[in-house]
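Shown below: my_file-v6.cif, with mmCIF, C-alpha atoms.
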data_coords
loop_
_atom_site.group_PDB
_atom_site.id
_atom_site.type_symbol
_atom_site.label_atom_id
_atom_site.label_comp_id
_atom_site.auth_asym_id
_atom_site.auth_seq_id
_atom_site.Cartn_x
_atom_site.Cartn_y
_atom_site.Cartn_z
ATOM 1 C CA MET A 1 -25.889 -42.831 -50.020
ATOM 2 C CA LYS A 2 -26.415 -44.177 -46.507
ATOM 3 C CA GLN A 3 -24.271 -41.384 -45.063
ATOM 4 C CA PHE A 4 -26.399 -38.830 -46.929
ATOM 5 C CA PHE A 5 -29.603 -40.060 -45.319
ATOM 6 C CA VAL A 6 -27.904 -40.166 -41.908
ATOM 7 C CA ARG A 7 -26.800 -36.545 -42.276
ATOM 8 C CA LEU A 8 -30.264 -35.618 -43.522
ATOM 9 C CA ALA A 9 -31.869 -37.232 -40.467
ATOM 10 C CA LEU A 10 -29.508 -35.330 -38.157
ATOM 11 C CA THR A 11 -30.464 -32.107 -39.903
ATOM 12 C CA LEU A 12 -34.181 -32.455 -39.116
ATOM 13 C CA PRO A 13 -33.855 -31.433 -35.411
ATOM 14 C CA VAL A 14 -31.901 -28.381 -36.538
ATOM 15 C CA VAL A 15 -34.700 -27.470 -38.946
ATOM 16 C CA TRP A 16 -37.262 -27.822 -36.135
ATOM 17 C CA LEU A 17 -35.132 -25.576 -33.908
ATOM 18 C CA VAL A 18 -34.751 -22.943 -36.647
ATOM 19 C CA VAL A 19 -38.509 -22.829 -37.303
ATOM 20 C CA SER A 20 -39.304 -22.648 -33.588
ATOM 21 C CA LEU A 21 -36.768 -19.896 -32.863
ATOM 22 C CA VAL A 22 -37.982 -17.830 -35.818
ATOM 23 C CA PHE A 23 -41.554 -18.083 -34.523
ATOM 24 C CA LEU A 24 -40.738 -17.318 -30.889
ATOM 25 C CA LEU A 25 -38.173 -14.559 -31.353
ATOM 26 C CA ILE A 26 -40.368 -12.484 -33.644
ATOM 27 C CA HIS A 27 -43.031 -12.340 -30.934
ATOM 28 C CA LEU A 28 -40.480 -10.749 -28.583
ATOM 29 C CA VAL A 29 -40.156 -7.723 -30.870
ATOM 30 C CA PRO A 30 -41.936 -4.774 -29.193
ATOM 31 C CA GLY A 31 -44.832 -3.084 -30.949
ATOM 32 C CA ASP A 32 -48.264 -4.057 -32.183
ATOM 33 C CA PRO A 33 -48.366 -4.711 -35.953
ATOM 34 C CA ILE A 34 -52.147 -4.214 -36.110
ATOM 35 C CA GLN A 35 -51.949 -0.872 -34.281
ATOM 36 C CA MET A 36 -49.168 0.294 -36.620
ATOM 37 C CA MET A 37 -51.140 -0.790 -39.667
ATOM 38 C CA LEU A 38 -54.391 0.949 -38.699
ATOM 39 C CA GLY A 39 -52.874 4.035 -37.074
ATOM 40 C CA GLU A 40 -53.821 5.910 -33.925
ATOM 41 C CA GLY A 41 -57.361 6.665 -35.079
ATOM 42 C CA ALA A 42 -58.424 3.008 -35.247
ATOM 43 C CA THR A 43 -61.336 1.899 -33.091
ATOM 44 C CA PRO A 44 -61.042 -1.094 -30.736
ATOM 45 C CA ALA A 45 -63.526 -2.990 -32.921
ATOM 46 C CA ASP A 46 -61.349 -2.473 -36.004
ATOM 47 C CA ILE A 47 -58.256 -3.603 -34.124
ATOM 48 C CA GLU A 48 -59.895 -6.744 -32.777
ATOM 49 C CA GLY A 49 -61.436 -7.586 -36.144
ATOM 50 C CA LEU A 50 -58.102 -7.366 -37.970
ATOM 51 C CA ARG A 51 -56.327 -9.205 -35.142
ATOM 52 C CA HIS A 52 -58.842 -12.032 -35.523
ATOM 53 C CA LEU A 53 -58.409 -12.030 -39.311
ATOM 54 C CA TYR A 54 -54.662 -12.647 -39.008
ATOM 55 C CA GLY A 55 -55.008 -15.052 -36.070
ATOM 56 C CA LEU A 56 -53.116 -12.806 -33.634
ATOM 57 C CA ASP A 57 -55.897 -13.049 -31.059
ATOM 58 C CA GLN A 58 -55.128 -16.732 -30.484
ATOM 59 C CA SER A 59 -52.866 -18.060 -27.752
ATOM 60 C CA LEU A 60 -49.155 -18.416 -28.515
ATOM 61 C CA PRO A 61 -49.213 -22.267 -28.535
ATOM 62 C CA ARG A 62 -52.173 -22.269 -30.930
ATOM 63 C CA GLN A 63 -50.377 -19.781 -33.195
ATOM 64 C CA TYR A 64 -47.277 -22.023 -33.065
ATOM 65 C CA VAL A 65 -49.250 -25.087 -34.172
ATOM 66 C CA HIS A 66 -50.952 -23.070 -36.906
ATOM 67 C CA TYR A 67 -47.587 -21.734 -38.087
ATOM 68 C CA TRP A 68 -46.092 -25.234 -38.296
ATOM 69 C CA ASN A 69 -49.118 -26.448 -40.218
ATOM 70 C CA GLY A 70 -48.630 -23.622 -42.701
ATOM 71 C CA VAL A 71 -44.878 -24.288 -43.067
ATOM 72 C CA LEU A 72 -45.474 -27.966 -43.790
ATOM 73 C CA HIS A 73 -48.005 -27.033 -46.458
ATOM 74 C CA GLY A 74 -45.884 -24.261 -47.976
ATOM 75 C CA ASP A 75 -48.133 -21.517 -46.612
ATOM 76 C CA LEU A 76 -46.128 -18.879 -44.728
ATOM 77 C CA GLY A 77 -49.064 -16.565 -44.228
ATOM 78 C CA THR A 78 -49.988 -13.190 -45.689
ATOM 79 C CA SER A 79 -48.087 -9.937 -45.338
ATOM 80 C CA ILE A 80 -50.020 -7.454 -43.214
ATOM 81 C CA ARG A 81 -48.611 -4.432 -45.037
ATOM 82 C CA LEU A 82 -48.187 -5.681 -48.603
ATOM 83 C CA HIS A 83 -51.376 -7.813 -48.623
ATOM 84 C CA ASP A 84 -49.671 -10.562 -50.583
ATOM 85 C CA SER A 85 -48.616 -14.136 -49.905
ATOM 86 C CA VAL A 86 -45.338 -14.291 -47.984
ATOM 87 C CA ALA A 87 -44.239 -17.291 -50.040
ATOM 88 C CA HIS A 88 -44.789 -15.306 -53.253
ATOM 89 C CA LEU A 89 -42.902 -12.260 -51.951
ATOM 90 C CA ILE A 90 -39.961 -14.448 -50.935
ATOM 91 C CA SER A 91 -39.963 -16.340 -54.233
ATOM 92 C CA VAL A 92 -39.612 -13.019 -56.068
ATOM 93 C CA ARG A 93 -36.842 -11.611 -53.846
ATOM 94 C CA TYR A 94 -34.891 -14.780 -52.965
ATOM 95 C CA PRO A 95 -33.181 -15.208 -56.398
ATOM 96 C CA TYR A 96 -31.680 -11.722 -56.054
ATOM 97 C CA THR A 97 -30.161 -12.446 -52.652
ATOM 98 C CA LEU A 98 -28.942 -15.867 -53.790
ATOM 99 C CA ALA A 99 -27.342 -14.379 -56.923
ATOM 100 C CA LEU A 100 -25.621 -11.683 -54.862
ATOM 101 C CA THR A 101 -24.378 -14.183 -52.276
ATOM 102 C CA LEU A 102 -23.073 -16.708 -54.825
ATOM 103 C CA THR A 103 -21.349 -13.989 -56.860
ATOM 104 C CA SER A 104 -19.694 -12.623 -53.717
ATOM 105 C CA LEU A 105 -18.548 -16.129 -52.807
ATOM 106 C CA ALA A 106 -17.175 -16.703 -56.318
ATOM 107 C CA ILE A 107 -15.227 -13.422 -56.197
ATOM 108 C CA ALA A 108 -13.854 -14.285 -52.755
ATOM 109 C CA LEU A 109 -12.690 -17.741 -53.877
ATOM 110 C CA ALA A 110 -11.229 -16.402 -57.133
ATOM 111 C CA LEU A 111 -9.104 -13.952 -55.124
ATOM 112 C CA ALA A 112 -8.317 -16.044 -52.054
ATOM 113 C CA LEU A 113 -7.233 -19.384 -53.549
ATOM 114 C CA PRO A 114 -4.382 -18.101 -55.757
ATOM 115 C CA ALA A 115 -3.393 -15.449 -53.216
ATOM 116 C CA GLY A 116 -3.245 -17.940 -50.341
ATOM 117 C CA ILE A 117 -1.321 -20.512 -52.382
ATOM 118 C CA ILE A 118 1.217 -17.919 -53.574
ATOM 119 C CA ALA A 119 1.652 -16.617 -50.017
ATOM 120 C CA ALA A 120 2.276 -20.162 -48.732
ATOM 121 C CA VAL A 121 4.717 -21.106 -51.504
ATOM 122 C CA ARG A 122 6.631 -17.835 -51.056
ATOM 123 C CA ARG A 123 6.455 -17.760 -47.290
ATOM 124 C CA GLY A 124 8.325 -14.885 -45.657
ATOM 125 C CA ARG A 125 9.075 -13.120 -48.937
ATOM 126 C CA ILE A 126 7.860 -9.698 -49.990
ATOM 127 C CA VAL A 127 4.894 -11.204 -51.876
ATOM 128 C CA ASP A 128 3.730 -12.981 -48.731
ATOM 129 C CA GLN A 129 4.096 -9.828 -46.655
ATOM 130 C CA GLY A 130 2.244 -7.728 -49.234
ATOM 131 C CA LEU A 131 -0.674 -10.179 -49.389
ATOM 132 C CA SER A 132 -0.817 -10.196 -45.573
ATOM 133 C CA VAL A 133 -1.177 -6.406 -45.562
ATOM 134 C CA VAL A 134 -3.917 -6.522 -48.216
ATOM 135 C CA SER A 135 -5.835 -9.255 -46.366
ATOM 136 C CA LEU A 136 -5.551 -7.289 -43.117
ATOM 137 C CA PHE A 137 -7.024 -4.266 -44.905
ATOM 138 C CA GLY A 138 -9.878 -6.420 -46.178
ATOM 139 C CA LEU A 139 -10.613 -7.639 -42.662
ATOM 140 C CA SER A 140 -10.487 -4.131 -41.214
ATOM 141 C CA VAL A 141 -12.957 -2.491 -43.621
ATOM 142 C CA PRO A 142 -16.551 -3.764 -43.165
ATOM 143 C CA GLY A 143 -19.068 -3.790 -45.989
ATOM 144 C CA LEU A 144 -20.935 -0.939 -44.276
ATOM 145 C CA VAL A 145 -17.931 1.298 -45.041
ATOM 146 C CA LEU A 146 -16.635 -0.332 -48.215
ATOM 147 C CA GLY A 147 -20.003 -0.149 -49.999
ATOM 148 C CA PRO A 148 -20.367 3.663 -49.904
ATOM 149 C CA LEU A 149 -16.672 4.055 -50.801
ATOM 150 C CA LEU A 150 -17.126 1.905 -53.893
ATOM 151 C CA ILE A 151 -20.172 3.952 -54.891
ATOM 152 C CA LEU A 152 -18.307 7.252 -54.442
ATOM 153 C CA VAL A 153 -15.265 6.143 -56.442
ATOM 154 C CA PHE A 154 -16.527 3.808 -59.167
ATOM 155 C CA SER A 155 -20.095 5.057 -59.617
ATOM 156 C CA ILE A 156 -20.099 8.787 -58.901
ATOM 157 C CA ALA A 157 -16.488 9.812 -59.610
ATOM 158 C CA LEU A 158 -15.601 7.435 -62.472
ATOM 159 C CA GLY A 159 -19.068 6.464 -63.683
ATOM 160 C CA TRP A 160 -18.026 2.888 -64.440
ATOM 161 C CA PHE A 161 -20.846 1.139 -62.577
ATOM 162 C CA PRO A 162 -24.453 2.000 -61.665
ATOM 163 C CA VAL A 163 -25.138 3.360 -58.203
ATOM 164 C CA SER A 164 -27.981 1.084 -57.151
ATOM 165 C CA GLY A 165 -30.617 -1.404 -58.217
ATOM 166 C CA ALA A 166 -30.346 -4.679 -60.110
ATOM 167 C CA SER A 167 -31.242 -3.596 -63.635
ATOM 168 C CA PRO A 168 -31.798 -0.405 -65.649
ATOM 169 C CA GLY A 169 -35.558 -0.667 -65.198
ATOM 170 C CA GLY A 170 -35.291 -1.061 -61.428
ATOM 171 C CA GLY A 171 -37.591 -3.196 -59.311
ATOM 172 C CA THR A 172 -37.535 -6.959 -59.705
ATOM 173 C CA GLY A 173 -37.489 -7.147 -63.493
ATOM 174 C CA GLY A 174 -34.240 -9.113 -63.726
ATOM 175 C CA ILE A 175 -30.526 -8.889 -62.988
ATOM 176 C CA ASP A 176 -28.032 -7.047 -65.169
ATOM 177 C CA PRO A 177 -24.533 -8.473 -64.431
ATOM 178 C CA ILE A 178 -22.924 -5.034 -64.297
ATOM 179 C CA TYR A 179 -25.197 -4.147 -61.368
ATOM 180 C CA LEU A 180 -23.789 -7.123 -59.439
ATOM 181 C CA VAL A 181 -20.167 -5.963 -59.469
ATOM 182 C CA LEU A 182 -20.002 -3.367 -56.694
ATOM 183 C CA PRO A 183 -22.342 -5.041 -54.146
ATOM 184 C CA SER A 184 -20.591 -8.383 -54.718
ATOM 185 C CA ILE A 185 -17.184 -6.829 -54.096
ATOM 186 C CA ALA A 186 -18.489 -5.068 -50.983
ATOM 187 C CA MET A 187 -19.770 -8.395 -49.626
ATOM 188 C CA GLY A 188 -16.924 -10.615 -50.807
ATOM 189 C CA ALA A 189 -13.924 -8.483 -49.800
ATOM 190 C CA SER A 190 -13.888 -9.464 -46.119
ATOM 191 C CA LEU A 191 -14.531 -13.121 -46.977
ATOM 192 C CA ALA A 192 -11.649 -13.037 -49.484
ATOM 193 C CA ALA A 193 -9.358 -11.736 -46.731
ATOM 194 C CA ILE A 194 -10.451 -14.488 -44.315
ATOM 195 C CA LEU A 195 -10.069 -17.218 -46.932
ATOM 196 C CA THR A 196 -6.642 -15.952 -48.031
ATOM 197 C CA ARG A 197 -5.302 -16.377 -44.524
ATOM 198 C CA MET A 198 -7.037 -19.731 -44.195
ATOM 199 C CA VAL A 199 -5.651 -21.042 -47.493
ATOM 200 C CA ARG A 200 -2.151 -19.878 -46.556
ATOM 201 C CA THR A 201 -2.280 -21.586 -43.165
ATOM 202 C CA ALA A 202 -3.725 -24.831 -44.542
ATOM 203 C CA MET A 203 -1.220 -24.956 -47.410
ATOM 204 C CA LEU A 204 1.738 -24.324 -45.099
ATOM 205 C CA GLU A 205 0.628 -27.189 -42.903
ATOM 206 C CA GLU A 206 0.326 -29.573 -45.873
ATOM 207 C CA LEU A 207 3.592 -28.460 -47.480
ATOM 208 C CA GLY A 208 5.415 -29.473 -44.302
ATOM 209 C CA GLN A 209 4.061 -33.051 -44.333
ATOM 210 C CA ASP A 210 6.166 -36.134 -45.094
ATOM 211 C CA TYR A 211 4.237 -37.087 -48.223
ATOM 212 C CA ILE A 212 5.159 -33.725 -49.778
ATOM 213 C CA ARG A 213 8.861 -34.368 -49.163
ATOM 214 C CA THR A 214 8.411 -37.828 -50.682
ATOM 215 C CA ALA A 215 6.736 -36.353 -53.760
ATOM 216 C CA ARG A 216 9.578 -33.884 -54.205
ATOM 217 C CA ALA A 217 12.154 -36.622 -53.716
ATOM 218 C CA LYS A 218 10.524 -38.570 -56.563
ATOM 219 C CA GLY A 219 11.225 -35.660 -58.874
ATOM 220 C CA LEU A 220 7.721 -34.194 -59.207
ATOM 221 C CA SER A 221 7.572 -30.576 -60.282
ATOM 222 C CA GLU A 222 6.655 -27.941 -57.704
ATOM 223 C CA THR A 223 3.442 -27.232 -59.606
ATOM 224 C CA ALA A 224 2.362 -30.867 -59.351
ATOM 225 C CA VAL A 225 3.303 -30.999 -55.671
ATOM 226 C CA VAL A 226 1.282 -27.899 -54.853
ATOM 227 C CA TRP A 227 -1.811 -28.410 -57.032
ATOM 228 C CA ARG A 228 -2.143 -32.204 -57.177
ATOM 229 C CA HIS A 229 -1.008 -33.202 -53.682
ATOM 230 C CA ALA A 230 -1.032 -30.329 -51.173
ATOM 231 C CA LEU A 231 -4.115 -28.396 -52.289
ATOM 232 C CA PRO A 232 -6.677 -31.285 -52.250
ATOM 233 C CA ASN A 233 -5.748 -32.104 -48.646
ATOM 234 C CA ALA A 234 -5.774 -28.433 -47.654
ATOM 235 C CA LEU A 235 -9.298 -27.953 -49.024
ATOM 236 C CA VAL A 236 -11.053 -29.631 -46.076
ATOM 237 C CA PRO A 237 -10.607 -26.764 -43.562
ATOM 238 C CA ILE A 238 -11.143 -24.255 -46.375
ATOM 239 C CA ILE A 239 -14.504 -25.821 -47.281
ATOM 240 C CA THR A 240 -15.482 -25.678 -43.603
ATOM 241 C CA VAL A 241 -14.800 -21.949 -43.467
ATOM 242 C CA VAL A 242 -16.648 -21.373 -46.756
ATOM 243 C CA GLY A 243 -19.707 -23.218 -45.439
ATOM 244 C CA LEU A 244 -19.716 -21.235 -42.206
ATOM 245 C CA GLN A 245 -19.108 -17.918 -43.937
ATOM 246 C CA PHE A 246 -21.972 -18.517 -46.366
ATOM 247 C CA GLY A 247 -24.351 -17.786 -43.520
ATOM 248 C CA ALA A 248 -22.390 -14.628 -42.733
ATOM 249 C CA LEU A 249 -22.798 -13.548 -46.353
ATOM 250 C CA LEU A 250 -26.569 -14.060 -46.154
ATOM 251 C CA ALA A 251 -26.690 -11.963 -42.991
ATOM 252 C CA GLY A 252 -24.392 -9.339 -44.508
ATOM 253 C CA ALA A 253 -26.672 -9.116 -47.520
ATOM 254 C CA ILE A 254 -29.147 -7.157 -45.380
ATOM 255 C CA VAL A 255 -26.663 -4.279 -45.024
ATOM 256 C CA THR A 256 -25.328 -4.490 -48.585
ATOM 257 C CA GLU A 257 -28.783 -4.659 -50.155
ATOM 258 C CA THR A 258 -29.841 -1.596 -48.189
ATOM 259 C CA ILE A 259 -26.771 0.376 -49.318
ATOM 260 C CA PHE A 260 -27.118 -0.555 -52.988
ATOM 261 C CA SER A 261 -30.959 -0.686 -53.053
ATOM 262 C CA TRP A 262 -30.719 -4.308 -54.123
ATOM 263 C CA PRO A 263 -34.211 -5.881 -54.346
ATOM 264 C CA GLY A 264 -33.428 -8.973 -52.281
ATOM 265 C CA LEU A 265 -34.524 -10.529 -49.013
ATOM 266 C CA GLY A 266 -32.364 -8.137 -47.001
ATOM 267 C CA ARG A 267 -34.340 -5.039 -47.923
ATOM 268 C CA LEU A 268 -37.551 -7.000 -47.529
ATOM 269 C CA VAL A 269 -36.548 -7.953 -43.965
ATOM 270 C CA VAL A 270 -35.707 -4.347 -43.058
ATOM 271 C CA THR A 271 -39.073 -3.147 -44.357
ATOM 272 C CA ALA A 272 -40.929 -5.958 -42.614
ATOM 273 C CA ILE A 273 -39.228 -5.280 -39.258
ATOM 274 C CA SER A 274 -39.986 -1.554 -39.402
ATOM 275 C CA ASN A 275 -43.646 -2.368 -40.112
ATOM 276 C CA ARG A 276 -43.820 -5.155 -37.486
ATOM 277 C CA ASP A 277 -44.970 -7.464 -40.268
ATOM 278 C CA TYR A 278 -44.718 -10.732 -38.296
ATOM 279 C CA ALA A 279 -45.513 -13.139 -41.109
ATOM 280 C CA LEU A 280 -43.081 -11.534 -43.564
ATOM 281 C CA VAL A 281 -40.225 -11.330 -41.058
ATOM 282 C CA GLN A 282 -40.771 -14.956 -40.087
ATOM 283 C CA GLY A 283 -40.809 -16.061 -43.717
ATOM 284 C CA CYS A 284 -37.614 -14.186 -44.619
ATOM 285 C CA LEU A 285 -35.696 -15.367 -41.561
ATOM 286 C CA LEU A 286 -36.927 -18.916 -42.105
ATOM 287 C CA SER A 287 -35.697 -18.850 -45.715
ATOM 288 C CA ILE A 288 -32.260 -17.589 -44.668
ATOM 289 C CA GLY A 289 -32.016 -20.099 -41.806
ATOM 290 C CA LEU A 290 -33.034 -23.092 -43.914
ATOM 291 C CA THR A 291 -30.614 -22.044 -46.644
ATOM 292 C CA TYR A 292 -27.811 -21.985 -44.074
ATOM 293 C CA VAL A 293 -28.790 -25.454 -42.834
ATOM 294 C CA LEU A 294 -28.827 -26.786 -46.403
ATOM 295 C CA VAL A 295 -25.412 -25.270 -47.141
ATOM 296 C CA ASN A 296 -23.915 -26.922 -44.063
ATOM 297 C CA LEU A 297 -25.394 -30.270 -45.142
ATOM 298 C CA LEU A 298 -23.846 -29.873 -48.593
ATOM 299 C CA THR A 299 -20.543 -28.856 -46.966
ATOM 300 C CA ASP A 300 -20.392 -32.129 -45.030
ATOM 301 C CA LEU A 301 -21.062 -34.087 -48.217
ATOM 302 C CA THR A 302 -18.462 -32.107 -50.185
ATOM 303 C CA TYR A 303 -15.713 -33.261 -47.829
ATOM 304 C CA ARG A 304 -15.975 -36.768 -49.245
ATOM 305 C CA LEU A 305 -15.722 -35.527 -52.809
ATOM 306 C CA VAL A 306 -12.506 -33.544 -52.389
ATOM 307 C CA ASN A 307 -10.742 -35.875 -49.956
ATOM 308 C CA PRO A 308 -10.924 -39.649 -50.640
ATOM 309 C CA ARG A 309 -9.624 -40.422 -47.134
ATOM 310 C CA MET A 310 -12.946 -39.252 -45.669
ATOM 311 C CA ARG A 311 -15.138 -41.529 -47.790
#
Spit out the file's structure as structure tokens when you get a sec.
Amino acid sequence: MKQFFVRLALTLPVVWLVVSLVFLLIHLVPGDPIQMMLGEGATPADIEGLRHLYGLDQSLPRQYVHYWNGVLHGDLGTSIRLHDSVAHLISVRYPYTLALTLTSLAIALALALPAGIIAAVRRGRIVDQGLSVVSLFGLSVPGLVLGPLLILVFSIALGWFPVSGASPGGGTGGIDPIYLVLPSIAMGASLAAILTRMVRTAMLEELGQDYIRTARAKGLSETAVVWRHALPNALVPIITVVGLQFGALLAGAIVTETIFSWPGLGRLVVTAISNRDYALVQGCLLSIGLTYVLVNLLTDLTYRLVNPRMR
């Protein structure tokens, strides 16, 4: 418990840095959100009045203090374009992005763990070489290309899966599991390829250790040696990669959600950036950044669960 609070305390400066960078970087984006909202025919009085309403006429330090005050109180501001609370918009869209990310991660782990273990156990054989070719293909094809290919083959040609959206009714009315399949595969394929190579490398390193030879000398079956002894020790670097790649999945969700018209944070960010909607962009990026920080905190704590030597 003490280690948890220590890690939590060390995370606080990271949270401050994430909030500060989100605030500062968005103000470097060119364009005037008020001018874009009102159009070219707006009068200077209208522009100044709306700028004052949203607090954009204040100095940057004063806006920074006001933004921090809102974050601490759960108020992320109001969307200039959608005229709704940013916190409410994120609360509606965030579950969709989280569901897509977790499903992609589950698919990647379900493919990578057995594939990496088999490749390590059968090192140098045709199975190992075949899995290496497949993982290389997965690394070479980005989601930007794989997504449209999946739509063309499995949605348009075969008609097995829907083309876009999250449910038959569209919008944010809920998630139908069948709508998750193609976008999750498009996001999880590259991660599965990375994890397969990582699992193979970690397992090969553990299978060459002295304690593995001792376990075999005692007469333990190969299944027990691999699953009960080698795999738990090999999980530490694998968990590290999973934690780091979770952030990559969140970032990749922007592209995947756009391709599949998935009603998550990714599409919301794209819309907000095109409209120069400062408050909405800040809120979305802050949610993604804080999620990444939380995942890395949980990753550090997971080490001690899977490997007793680190407790």
Just to confirm, what's the straight-line distance from atom CA of A:His88 to atom CA of A:Leu250 in Å (one decimal)?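 Interatomic distance, atom CA of A:His88 to atom CA of A:Leu250: 19.6 Å.
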Do a neighbour search on A:Leu191 at 9 Å with only C-alpha atoms, toss out local chain neighbours closer than 4 positions, and write the hits as an NGL selection string. :A and (104-105 or 108-109 or 112 or 138-139 or 187 or 195-196 or 242 or 245 or 249)
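Minimum distance to A:Val145 across A:Leu82, A:Ala189, A:Ala99, A:Val270 (counting all atoms listed in the file) occurs at A:Ala189.
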Up to 12 Å from (-23.0, 2.6, -61.9) in the file's coordinates: name the residues, counting all atoms listed in the file, as a compact mmCIF listing (two decimals) with C-alpha atoms, in the coordinates of the input.
# COMPACT_ATOMS: atom_id res chain seq x y z
CA LEU A 150 -17.13 1.90 -53.89
CA ILE A 151 -20.17 3.95 -54.89
CA LEU A 152 -18.31 7.25 -54.44
CA VAL A 153 -15.26 6.14 -56.44
CA PHE A 154 -16.53 3.81 -59.17
CA SER A 155 -20.10 5.06 -59.62
CA ILE A 156 -20.10 8.79 -58.90
CA ALA A 157 -16.49 9.81 -59.61
CA LEU A 158 -15.60 7.44 -62.47
CA GLY A 159 -19.07 6.46 -63.68
CA TRP A 160 -18.03 2.89 -64.44
CA PHE A 161 -20.85 1.14 -62.58
CA PRO A 162 -24.45 2.00 -61.66
CA VAL A 163 -25.14 3.36 -58.20
CA SER A 164 -27.98 1.08 -57.15
CA GLY A 165 -30.62 -1.40 -58.22
CA ALA A 166 -30.35 -4.68 -60.11
CA SER A 167 -31.24 -3.60 -63.64
CA PRO A 168 -31.80 -0.40 -65.65
CA ASP A 176 -28.03 -7.05 -65.17
CA PRO A 177 -24.53 -8.47 -64.43
CA ILE A 178 -22.92 -5.03 -64.30
CA TYR A 179 -25.20 -4.15 -61.37
CA LEU A 180 -23.79 -7.12 -59.44
CA VAL A 181 -20.17 -5.96 -59.47
CA LEU A 182 -20.00 -3.37 -56.69
CA PRO A 183 -22.34 -5.04 -54.15
CA PHE A 260 -27.12 -0.56 -52.99
For a quick check of understanding, using all atoms listed in the file, which of A:Ala186, A:Arg123, A:Pro13, A:Ser85 has the smallest distance to A:Ile259?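 Selected residue with least distance to A:Ile259: A:Ala186.
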Pick from A:Leu72, A:Gly130, A:Arg62, A:Ala193: nearest to A:Ile107, with only C-alpha atoms counted?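 So, comparing all the options, the nearest one is A:Ala193.
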Chain and number of each residue from the PyMOL selection byres ((chain A and resi 280) around 10), as a ChimeraX atom specification: /A:76-82,84-87,89-90,268-269,271-273,275-279,281-286
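If you look at atom CA of A:Ser287 and atom CA of A:Pro237, they are 26.4 Å away from each other.
Among the candidate residues A:Val92, A:Leu207, A:Leu301, A:Leu265, the one lying nearest to A:Ile288 is A:Leu265, with distances computed using only C-alpha atoms.
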From the set A:Val134, A:Ala234, A:Leu294, A:Val22, which residue has the shortest atom-to-atom contact distance to A:Gly208, counting all atoms listed in the file?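 With all atoms listed in the file as the atom set, the closest residue is A:Ala234.
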Restricting the calculation to only C-alpha atoms: of A:Gly143, A:Gly264, A:Gly219, A:Pro114, which residue gets closest to A:Val199? A:Pro114
Using all atoms listed in the file, list the residues that have an atom at most 12 Å from (-16.9, -22.6, -41.2), coordinates as in the file, as JSON, numbers by chain. {"A": [191, 194, 195, 198, 236, 237, 238, 239, 240, 241, 242, 243, 244, 245, 246, 247, 248, 249, 292, 295, 296, 299, 300]}
Hey, can you spit out that residue selection with C-alpha atoms as a PDB file, keeping the file's coordinate frame?
ATOM      1  CA  LEU A 191     -14.531 -13.121 -46.977  1.00  0.00           C
ATOM      2  CA  ILE A 194     -10.451 -14.488 -44.315  1.00  0.00           C
ATOM      3  CA  LEU A 195     -10.069 -17.218 -46.932  1.00  0.00           C
ATOM      4  CA  MET A 198      -7.037 -19.731 -44.195  1.00  0.00           C
ATOM      5  CA  VAL A 236     -11.053 -29.631 -46.076  1.00  0.00           C
ATOM      6  CA  PRO A 237     -10.607 -26.764 -43.562  1.00  0.00           C
ATOM      7  CA  ILE A 238     -11.143 -24.255 -46.375  1.00  0.00           C
ATOM      8  CA  ILE A 239     -14.504 -25.821 -47.281  1.00  0.00           C
ATOM      9  CA  THR A 240     -15.482 -25.678 -43.603  1.00  0.00           C
ATOM     10  CA  VAL A 241     -14.800 -21.949 -43.467  1.00  0.00           C
ATOM     11  CA  VAL A 242     -16.648 -21.373 -46.756  1.00  0.00           C
ATOM     12  CA  GLY A 243     -19.707 -23.218 -45.439  1.00  0.00           C
ATOM     13  CA  LEU A 244     -19.716 -21.235 -42.206  1.00  0.00           C
ATOM     14  CA  GLN A 245     -19.108 -17.918 -43.937  1.00  0.00           C
ATOM     15  CA  PHE A 246     -21.972 -18.517 -46.366  1.00  0.00           C
ATOM     16  CA  GLY A 247     -24.351 -17.786 -43.520  1.00  0.00           C
ATOM     17  CA  ALA A 248     -22.390 -14.628 -42.733  1.00  0.00           C
ATOM     18  CA  LEU A 249     -22.798 -13.548 -46.353  1.00  0.00           C
ATOM     19  CA  TYR A 292     -27.811 -21.985 -44.074  1.00  0.00           C
ATOM     20  CA  VAL A 295     -25.412 -25.270 -47.141  1.00  0.00           C
ATOM     21  CA  ASN A 296     -23.915 -26.922 -44.063  1.00  0.00           C
ATOM     22  CA  THR A 299     -20.543 -28.856 -46.966  1.00  0.00           C
ATOM     23  CA  ASP A 300     -20.392 -32.129 -45.030  1.00  0.00           C
TER      24      ASP A 300
END
